[in-house]
Structures are given as structure tokens and as C-alpha cells.
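With compact mmCIF, C-alpha atoms inside, this is structure-v7.txt:
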# COMPACT_ATOMS: atom_id res chain seq x y z
CA MET B 1 -14.51 4.82 32.29
CA LEU B 2 -13.80 2.72 35.34
CA PHE B 3 -11.71 3.85 38.30
CA GLU B 4 -11.45 7.31 36.83
CA GLY B 5 -8.69 9.52 38.19
CA THR B 6 -6.65 6.65 39.61
CA ALA B 7 -3.65 4.90 38.12
CA PHE B 8 -5.93 1.99 37.16
CA GLU B 9 -8.12 4.05 34.86
CA LEU B 10 -9.80 1.80 32.32
CA ASN B 11 -11.58 2.89 29.19
CA ARG B 12 -13.71 0.80 26.89
CA ILE B 13 -10.87 -0.39 24.66
CA ILE B 14 -8.78 -1.54 27.62
CA LEU B 15 -11.77 -3.45 28.98
CA VAL B 16 -12.27 -5.13 25.61
CA ARG B 17 -8.56 -5.96 25.56
CA ILE B 18 -8.70 -7.62 28.96
CA LEU B 19 -11.82 -9.52 27.92
CA SER B 20 -10.33 -10.80 24.68
CA THR B 21 -7.11 -11.82 26.43
CA VAL B 22 -9.08 -13.76 29.05
CA VAL B 23 -11.20 -15.44 26.37
CA LEU B 24 -8.13 -16.37 24.31
CA VAL B 25 -6.28 -17.83 27.29
CA THR B 26 -9.37 -19.71 28.46
CA LEU B 27 -9.99 -21.19 25.02
CA PHE B 28 -6.46 -22.52 24.76
CA LEU B 29 -6.45 -23.74 28.37
CA VAL B 30 -9.64 -25.69 27.75
CA ALA B 31 -8.26 -27.09 24.50
CA ALA B 32 -4.88 -27.97 25.95
CA ARG B 33 -5.84 -29.28 29.39
CA ARG B 34 -7.57 -32.33 28.10
CA ALA B 35 -5.17 -32.89 25.22
CA ARG B 36 -5.18 -36.50 24.10
CA LEU B 37 -3.47 -38.43 21.37
CA VAL B 38 -6.80 -38.83 19.62
CA PRO B 39 -8.12 -35.27 19.64
CA GLY B 40 -11.69 -34.37 20.56
CA ARG B 41 -13.67 -31.70 18.76
CA GLY B 42 -12.30 -28.67 20.63
CA GLN B 43 -8.75 -29.91 20.49
CA ASN B 44 -9.18 -30.55 16.77
CA VAL B 45 -10.05 -26.93 16.07
CA ALA B 46 -7.14 -25.70 18.20
CA GLU B 47 -4.75 -28.06 16.45
CA LEU B 48 -6.00 -26.93 13.07
CA ALA B 49 -5.36 -23.29 13.97
CA LEU B 50 -1.95 -24.02 15.49
CA ASP B 51 -1.02 -26.12 12.50
CA PHE B 52 -1.90 -23.28 10.17
CA VAL B 53 0.67 -21.00 11.81
CA ARG B 54 3.20 -23.80 11.99
CA VAL B 55 2.95 -25.12 8.43
CA ASN B 56 1.64 -22.24 6.35
CA ILE B 57 3.63 -19.46 7.97
CA ALA B 58 6.65 -20.68 9.92
CA GLU B 59 7.75 -23.69 7.91
CA GLU B 60 6.94 -22.20 4.53
CA ILE B 61 8.79 -18.93 5.11
CA ILE B 62 11.63 -19.80 7.48
CA GLY B 63 12.17 -23.36 6.32
CA LYS B 64 11.46 -26.68 8.00
CA ALA B 65 14.90 -27.08 9.56
CA THR B 66 15.02 -23.90 11.63
CA ALA B 67 11.37 -22.93 11.96
CA ARG B 68 10.83 -24.85 15.18
CA ARG B 69 12.49 -22.23 17.40
CA TYR B 70 10.29 -19.42 16.18
CA ILE B 71 6.94 -21.20 16.23
CA PRO B 72 6.04 -20.12 19.81
CA LEU B 73 6.72 -16.47 18.98
CA LEU B 74 4.81 -16.53 15.70
CA THR B 75 1.90 -18.43 17.24
CA THR B 76 1.64 -15.93 20.08
CA ILE B 77 1.70 -12.99 17.71
CA PHE B 78 -0.89 -14.54 15.40
CA PHE B 79 -3.44 -15.42 18.06
CA ALA B 80 -2.93 -12.24 20.08
CA VAL B 81 -3.47 -10.07 17.01
CA LEU B 82 -6.42 -12.18 15.87
CA ALA B 83 -8.11 -12.03 19.28
CA MET B 84 -7.59 -8.28 19.52
CA ASN B 85 -8.84 -7.68 15.97
CA ILE B 86 -11.92 -9.85 16.03
CA THR B 87 -13.55 -7.85 18.84
CA GLY B 88 -14.26 -5.21 16.21
CA VAL B 89 -17.16 -7.22 14.84
CA ILE B 90 -18.46 -8.89 18.00
CA PRO B 91 -21.82 -7.32 18.86
CA GLY B 92 -21.71 -5.53 22.20
CA LEU B 93 -17.97 -4.94 22.07
CA ASN B 94 -17.89 -3.36 18.61
CA ILE B 95 -14.37 -2.00 18.83
CA ALA B 96 -11.16 -3.66 17.77
CA SER B 97 -8.86 -3.59 20.76
CA SER B 98 -5.95 -3.06 18.39
CA SER B 99 -7.37 0.30 17.34
CA LEU B 100 -5.29 2.16 19.93
CA ILE B 101 -1.61 2.45 19.09
CA GLY B 102 -0.37 0.63 22.20
CA PHE B 103 -1.10 -2.90 21.15
CA PRO B 104 0.20 -2.73 17.54
CA LEU B 105 3.28 -0.88 18.79
CA VAL B 106 4.09 -3.50 21.41
CA MET B 107 3.63 -6.29 18.85
CA ALA B 108 5.81 -4.46 16.32
CA VAL B 109 8.54 -3.90 18.93
CA ILE B 110 8.46 -7.61 19.78
CA ALA B 111 8.84 -8.48 16.09
CA PHE B 112 11.59 -5.85 15.72
CA VAL B 113 13.57 -7.18 18.68
CA ALA B 114 13.03 -10.74 17.47
CA PHE B 115 14.47 -10.25 14.00
CA ILE B 116 17.42 -8.23 15.27
CA VAL B 117 18.25 -10.85 17.90
CA VAL B 118 18.00 -13.59 15.29
CA GLY B 119 20.30 -11.61 12.99
CA ILE B 120 22.88 -11.03 15.73
CA ARG B 121 22.74 -14.69 16.75
CA SER B 122 23.35 -15.93 13.23
CA HIS B 123 26.01 -13.45 12.09
CA GLY B 124 27.27 -11.66 15.21
CA ALA B 125 26.51 -7.98 15.83
CA LEU B 126 28.98 -6.62 13.28
CA GLY B 127 28.26 -9.35 10.81
CA TYR B 128 24.54 -8.65 10.97
CA LEU B 129 25.08 -4.94 10.36
CA ARG B 130 27.38 -5.75 7.46
CA THR B 131 25.01 -8.17 5.76
CA THR B 132 22.08 -5.82 6.29
CA LEU B 133 23.64 -2.51 5.35
CA PHE B 134 26.25 -3.70 2.82
CA PRO B 135 24.68 -6.57 0.88
CA SER B 136 27.34 -8.30 -1.17
CA GLY B 137 27.29 -8.57 -4.93
CA VAL B 138 27.05 -4.90 -5.87
CA PRO B 139 29.88 -2.57 -6.96
CA TRP B 140 30.98 -0.35 -4.06
CA PRO B 141 29.69 3.06 -5.35
CA VAL B 142 26.17 1.69 -5.09
CA TYR B 143 26.56 1.57 -1.30
CA ILE B 144 26.35 5.38 -1.20
CA ILE B 145 22.69 5.09 -2.13
CA LEU B 146 21.94 1.58 -0.93
CA THR B 147 23.20 1.79 2.64
CA PRO B 148 21.00 4.71 3.78
CA ILE B 149 17.97 3.09 2.11
CA GLU B 150 18.65 -0.23 3.82
CA LEU B 151 19.23 1.53 7.15
CA ILE B 152 15.92 3.37 6.98
CA SER B 153 13.89 0.51 5.59
CA THR B 154 15.19 -2.13 7.98
CA PHE B 155 15.39 -0.29 11.27
CA ILE B 156 12.70 2.38 10.92
CA LEU B 157 10.20 1.49 8.23
CA ARG B 158 9.79 -2.16 9.20
CA PRO B 159 8.47 -1.62 12.76
CA ALA B 160 6.71 1.61 11.73
CA THR B 161 4.76 -0.01 8.90
CA LEU B 162 3.92 -3.03 11.05
CA THR B 163 2.38 -0.68 13.61
CA ILE B 164 0.62 1.61 11.16
CA ARG B 165 -0.74 -1.22 9.02
CA LEU B 166 -2.48 -2.97 11.89
CA LEU B 167 -3.62 0.18 13.67
CA VAL B 168 -4.99 1.99 10.64
CA ASN B 169 -6.71 -1.08 9.25
CA MET B 170 -8.66 -1.46 12.45
CA VAL B 171 -9.43 2.24 12.82
CA ALA B 172 -10.56 2.46 9.19
CA GLY B 173 -12.71 -0.64 9.55
CA HIS B 174 -14.38 0.77 12.65
CA LEU B 175 -15.00 4.10 10.90
CA LEU B 176 -16.53 2.30 7.91
CA LEU B 177 -18.94 0.40 10.12
CA VAL B 178 -19.81 3.51 12.13
CA LEU B 179 -20.47 5.48 8.94
CA CYS B 180 -22.73 2.77 7.53
CA PHE B 181 -24.78 2.20 10.68
CA ALA B 182 -24.97 5.88 11.64
CA ALA B 183 -26.24 6.65 8.15
CA THR B 184 -28.78 3.85 8.47
CA HIS B 185 -30.01 5.22 11.78
CA PHE B 186 -30.28 8.74 10.37
CA LEU B 187 -32.03 7.68 7.17
CA PHE B 188 -34.56 5.42 8.90
CA PHE B 189 -35.56 7.69 11.75
CA GLU B 190 -34.87 11.26 10.71
CA ALA B 191 -34.81 11.52 6.93
CA ALA B 192 -37.93 12.63 5.07
CA GLY B 193 -40.09 10.47 2.79
CA ALA B 194 -38.42 8.63 -0.04
CA LEU B 195 -34.96 9.16 1.43
CA LYS B 196 -35.81 6.53 4.05
CA ALA B 197 -35.51 3.87 1.33
CA ILE B 198 -31.79 4.61 0.94
CA GLY B 199 -31.39 3.40 4.53
CA VAL B 200 -31.88 -0.14 3.25
CA VAL B 201 -28.81 0.28 1.06
CA THR B 202 -26.61 1.59 3.88
CA LEU B 203 -27.86 -1.17 6.18
CA ALA B 204 -26.94 -3.80 3.58
CA ALA B 205 -23.56 -2.12 3.12
CA GLY B 206 -23.02 -2.14 6.88
CA LEU B 207 -23.76 -5.87 7.09
CA ALA B 208 -21.52 -6.58 4.11
CA PHE B 209 -18.69 -4.57 5.66
CA THR B 210 -19.15 -6.51 8.91
CA LEU B 211 -18.37 -9.71 7.01
CA PHE B 212 -15.51 -7.90 5.28
CA GLU B 213 -14.15 -6.86 8.69
CA ILE B 214 -14.07 -10.47 9.86
CA PHE B 215 -11.98 -11.25 6.79
CA ILE B 216 -9.74 -8.24 7.43
CA ALA B 217 -9.23 -9.19 11.09
CA ALA B 218 -7.97 -12.64 10.09
CA LEU B 219 -5.98 -11.27 7.15
CA GLN B 220 -4.19 -8.68 9.28
CA ALA B 221 -3.25 -11.30 11.87
CA TYR B 222 -1.94 -13.46 9.03
CA ILE B 223 0.00 -10.63 7.40
CA PHE B 224 1.52 -9.46 10.69
CA THR B 225 2.76 -12.97 11.45
CA LEU B 226 3.86 -13.54 7.86
CA LEU B 227 5.95 -10.36 7.82
CA THR B 228 7.52 -11.21 11.17
CA ALA B 229 8.47 -14.60 9.73
CA VAL B 230 9.82 -12.97 6.57
CA TYR B 231 11.93 -10.51 8.58
CA ILE B 232 13.28 -13.32 10.75
CA SER B 233 14.18 -15.41 7.72
CA ILE B 234 15.86 -12.44 6.02
CA SER B 235 18.07 -11.71 9.03
CA GLN B 236 18.81 -15.39 9.42
CA GLU B 237 20.34 -15.94 6.03
CA ALA B 238 23.31 -14.04 4.67
CA HIS B 239 22.73 -11.92 1.63
CA MET L 1 -21.52 26.41 -8.88
CA GLU L 2 -19.18 26.94 -5.98
CA ILE L 3 -17.41 24.30 -3.98
CA THR L 4 -15.98 25.19 -0.59
CA GLY L 5 -13.82 23.21 1.79
CA ASN L 6 -10.28 22.08 2.34
CA ILE L 7 -8.33 20.73 -0.63
CA ALA L 8 -6.70 18.23 1.77
CA THR L 9 -9.98 16.31 1.91
CA ILE L 10 -9.30 14.76 -1.47
CA GLY L 11 -5.86 13.70 -0.29
CA PHE L 12 -6.86 10.22 0.71
CA GLY L 13 -8.58 9.67 -2.61
CA LEU L 14 -5.35 10.56 -4.34
CA ALA L 15 -3.32 8.44 -1.91
CA ALA L 16 -5.53 5.44 -2.68
CA LEU L 17 -4.93 5.69 -6.44
CA GLY L 18 -1.40 4.30 -6.53
CA PRO L 19 -1.95 1.35 -4.18
CA GLY L 20 -5.20 0.59 -6.03
CA ILE L 21 -3.40 0.25 -9.33
CA GLY L 22 -0.61 -1.70 -7.64
CA LEU L 23 -3.01 -4.16 -6.03
CA GLY L 24 -4.78 -4.67 -9.33
CA ILE L 25 -1.58 -5.47 -11.19
CA MET L 26 -0.35 -7.71 -8.39
CA VAL L 27 -3.52 -9.81 -8.16
CA ALA L 28 -3.80 -10.05 -11.95
CA LYS L 29 -0.21 -11.25 -12.30
CA THR L 30 -0.63 -13.78 -9.49
CA GLN L 31 -3.74 -15.15 -11.19
CA GLU L 32 -1.88 -15.36 -14.46
CA ALA L 33 1.05 -17.16 -12.90
CA THR L 34 -1.25 -19.55 -11.02
CA ALA L 35 -3.04 -20.38 -14.27
CA ARG L 36 0.25 -21.14 -15.94
CA GLN L 37 1.70 -23.17 -13.09
CA PRO L 38 -0.98 -24.35 -10.67
CA GLU L 39 1.54 -26.45 -8.74
CA VAL L 40 3.26 -23.39 -7.22
CA ALA L 41 -0.03 -21.71 -6.28
CA GLY L 42 0.72 -21.85 -2.54
CA LEU L 43 4.06 -20.10 -2.83
CA LEU L 44 2.61 -17.51 -5.21
CA ARG L 45 -0.21 -16.76 -2.77
CA THR L 46 2.21 -16.30 0.13
CA ASN L 47 4.36 -13.96 -1.93
CA MET L 48 1.21 -12.12 -2.98
CA PHE L 49 0.33 -11.46 0.66
CA ILE L 50 3.82 -10.16 1.39
CA ALA L 51 3.54 -7.78 -1.56
CA LEU L 52 0.02 -6.86 -0.46
CA ALA L 53 1.41 -5.82 2.92
CA ALA L 54 3.95 -3.55 1.26
CA ILE L 55 1.40 -2.03 -1.12
CA GLU L 56 -1.40 -1.44 1.34
CA ALA L 57 0.99 0.30 3.73
CA LEU L 58 1.10 3.18 1.23
CA GLY L 59 -2.65 3.62 1.20
CA LEU L 60 -2.81 3.33 4.99
CA ILE L 61 -0.10 5.95 5.45
CA GLY L 62 -2.31 8.22 3.36
CA PHE L 63 -5.16 7.54 5.78
CA ALA L 64 -3.01 8.09 8.86
CA ALA L 65 -1.54 11.32 7.46
CA GLY L 66 -5.00 12.85 7.59
CA PHE L 67 -5.03 12.45 11.37
CA VAL L 68 -1.44 13.51 11.93
CA PHE L 69 -1.14 16.63 9.78

Would you give me this structure, written as C-alpha cells?
Amino acid sequence: MLFEGTAFELNRIILVRILSTVVLVTLFLVAARRARLVPGRGQNVAELALDFVRVNIAEEIIGKATARRYIPLLTTIFFAVLAMNITGVIPGLNIASSSLIGFPLVMAVIAFVAFIVVGIRSHGALGYLRTTLFPSGVPWPVYIILTPIELISTFILRPATLTIRLLVNMVAGHLLLVLCFAATHFLFFEAAGALKAIGVVTLAAGLAFTLFEIFIAALQAYIFTLLTAVYISISQEAH
Amino acid sequence: MEITGNIATIGFGLAALGPGIGLGIMVAKTQEATARQPEVAGLLRTNMFIALAAIEALGLIGFAAGFVF
């Protein structure tokens, strides 16, 4: 812990967060500062990544006509989550900075506010509540069951699951890696005789799970952004 | 033979059952649909990920419940 006892107390995860933010900002600054019409190698990679969010998430889910307004938000969410997740497998850092609830919660609140604002802008406050809580096309007695379900799922479960999904994925991934490598350490150095051989298996599992964690880090960033886009597009269109 | 410990320890195993079956069915059906109509593969994959998010949330809540309760 740095600066312990003061208001600027920093633990390891916060340090990793600051580091990954700085690296992310620097990467994009470098890629964007010398942006040319004919892209160089670095700019090419950045454009490829930005294009992925733009085409495969925003335009596919929200639709080409209206997606443009939400691209900055979705891009920010995607790269922030990706940068915070990927630190979980970087040697020396070894902890996903999204494995404390603060970061996933802030991201989920941003997504929550975004889709509510979009809904209110497209239908008006009352209109948004009406289209969300009383979807048309069902006989009225169904509303007795449907309205509470819609209320809970839209305004509570959506942000809650966004938070829990990201947080728990990262915590579980970290635990998996810790289990594998701690077992390897124990089996190699402290276990007796033939048991040492099992350490090879746990080491291989640890390395395999490291690759798996890279995949999960990217997948979670993708899913988080995808769901935000889905929520925005749902509140945009009338039921 | 005697087994001691808290019955709650097997909770996550039980919580993983449902989402496991769900994921299996979902991926199988997506594969099937892609084989039938390869031209909509992109849309099917996107929808698969949205469903994956909903399904895995169940398993993850099971994991989180162990810490909370």
C-alpha cells in the first residue's frame, strides 16, 4: 500500500488501474497523433480495433442510421473494460483491475444512465415508462404479472447483472490461476516423491487457463459493450 | 466412510448445472442454424453472445452468492 493512512491510499489494484489507464491513453494518443489518410502500422491496428466496435457492435445492433451518436460511448466502454481486464494475465501485474466492484459498477451505471437517457429522448419520460412497463400487444390482465417483471428486469437486474458478470468473471479467473499456480508450487517443492509429477499437470492447466483468461478478457469487454448497445437499441425503439 | 463439511460447498456445483445445460443447448442450436443458413452466421453469433450473457449471469450469481451469504 502506498500513502497508507491518508486520503490518497493506493492498493495494488488501484495502481494497476492507473497503469492500465495511462497505457490505454498513451496507445491511442500515439496512434491518433500521427493519423494520416494512408495509415501506418500502428494506426492500422487502432483503426481495426475501432472499426470492430463501430461495425460489429454499434451498427449491427443499433442500426446504421442512428448508431453514430453512440459510437463514442460504446468505444470508451469497450476499450476501458478491455484494458482493465487484460491486466489479469500480464506478468508482474497479475490482477484484473476490474476485480474490485468499483470499476464494473461505474461502467454499469454509465450504461444504465445511457439507455434511460436514450429512452427518455426518444419517447419522453412518460412515454418511455409506458413502452417499457406496458408493452403493447398483450391483453390487459397480463400487465399484472408483466409490469413488475419488466420493472425489476429493466431497472434493477440490467445494471446488477452487468456489474456482477464482469466482476465475478474476473475474480473467478484470478482464483483459477491462483489455484493452478499455487498447486504447482506446492507439488513441485513440498510434495513427496511421485506426487511431484502431478505438478506438471497443474502447471500445464495454469498455462492453458492463462490463454483462456486472455479470451475471457476480450469476450467480457465485447459482451459488456454488446449488452449496452442492445439496451440502448431496445429503449430507442417502441415496443 | 464419513464426510464432514458444509453442505453449502456443493452449492456452486449445483448452480453451474443449469447454465451448463443451457449453454450446451444454445451453442448446439446456433451451430445447427449456421449449418442450415451460413449466410446469417454473423447475426446468429451476435445473438448467441447476447444469450450467453444472460445464461452465464446465472452461474456467476451462484459464484457470487458464496461470498455474500

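Straight-line separation from atom CA of B:Gly206 to atom CA of B:Ile95: 14.8 Å.
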
> In terms of the shortest atom-to-atom distance over only C-alpha atoms, which of B:Leu74, B:Ala172, B:Val109, B:Ala125 is closest to L:Gly66?
Replying inline: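 Of all the options, B:Ala172 lies closest to L:Gly66.
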
> Do you know which residues are at most 12 Å from B:Leu157 counting all atoms listed in the file, after dropping those on the same chain fewer than 5 positions away, and could you put them as a VMD selection string?
Replying inline: (chain B and resid 108 112 149 to 152 162 to 165) or (chain L and resid 54 57 to 58 61)

Output file for the residues above (C-alpha atoms, as a JSON list (two decimals), keeping the file's coordinate frame):
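Wrote it out as out-v2.json, contents follow:
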[["chain", "number", "residue", "atom", "x", "y", "z"],
["B", 108, "ALA", "CA", 5.81, -4.46, 16.32],
["B", 112, "PHE", "CA", 11.59, -5.85, 15.72],
["B", 149, "ILE", "CA", 17.97, 3.09, 2.11],
["B", 150, "GLU", "CA", 18.65, -0.23, 3.82],
["B", 151, "LEU", "CA", 19.23, 1.53, 7.15],
["B", 152, "ILE", "CA", 15.92, 3.37, 6.98],
["B", 162, "LEU", "CA", 3.92, -3.03, 11.05],
["B", 163, "THR", "CA", 2.38, -0.68, 13.61],
["B", 164, "ILE", "CA", 0.62, 1.61, 11.16],
["B", 165, "ARG", "CA", -0.74, -1.22, 9.02],
["L", 54, "ALA", "CA", 3.95, -3.55, 1.26],
["L", 57, "ALA", "CA", 0.99, 0.30, 3.73],
["L", 58, "LEU", "CA", 1.10, 3.18, 1.23],
["L", 61, "ILE", "CA", -0.10, 5.95, 5.45]]

What are the nearest atom pairs, with distances in Å to one decimal, for all residues of chain L that come at most 9 Å from chain B, using all atoms listed in the file, set out by chain and rising residue number as CSV?
residue,atom,partner,partner_atom,distance
L:Gly42,CA,B:Asn56,CA,8.9
L:Leu43,CA,B:Glu60,CA,8.2
L:Thr46,CA,B:Leu226,CA,8.4
L:Phe49,CA,B:Ile223,CA,6.8
L:Ile50,CA,B:Leu227,CA,6.8
L:Leu52,CA,B:Ile223,CA,8.7
L:Ala53,CA,B:Ile223,CA,6.7
L:Ala54,CA,B:Thr161,CA,8.5
L:Glu56,CA,B:Arg165,CA,7.7
L:Ala57,CA,B:Arg165,CA,5.8
L:Leu60,CA,B:Val168,CA,6.2
L:Ile61,CA,B:Ile164,CA,7.2
L:Phe63,CA,B:Val168,CA,7.4
L:Ala64,CA,B:Val168,CA,6.7

> Distance atom CA of L:Pro19-atom CA of L:Ala51, one decimal place?
Replying inline: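 Those two atoms sit 11.0 Å apart.
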
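Rounded to one decimal, atom CA of B:Met84 and atom CA of B:Arg17 lie 6.5 Å from each other.
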
> So which residues fall inside 12 Å of (25.7, 0.8, 8.0) if we count only C-alpha atoms? Mind giving them as an MDAnalysis selection string?
Replying inline: chainID B and resid 125:135 143:152 154:155
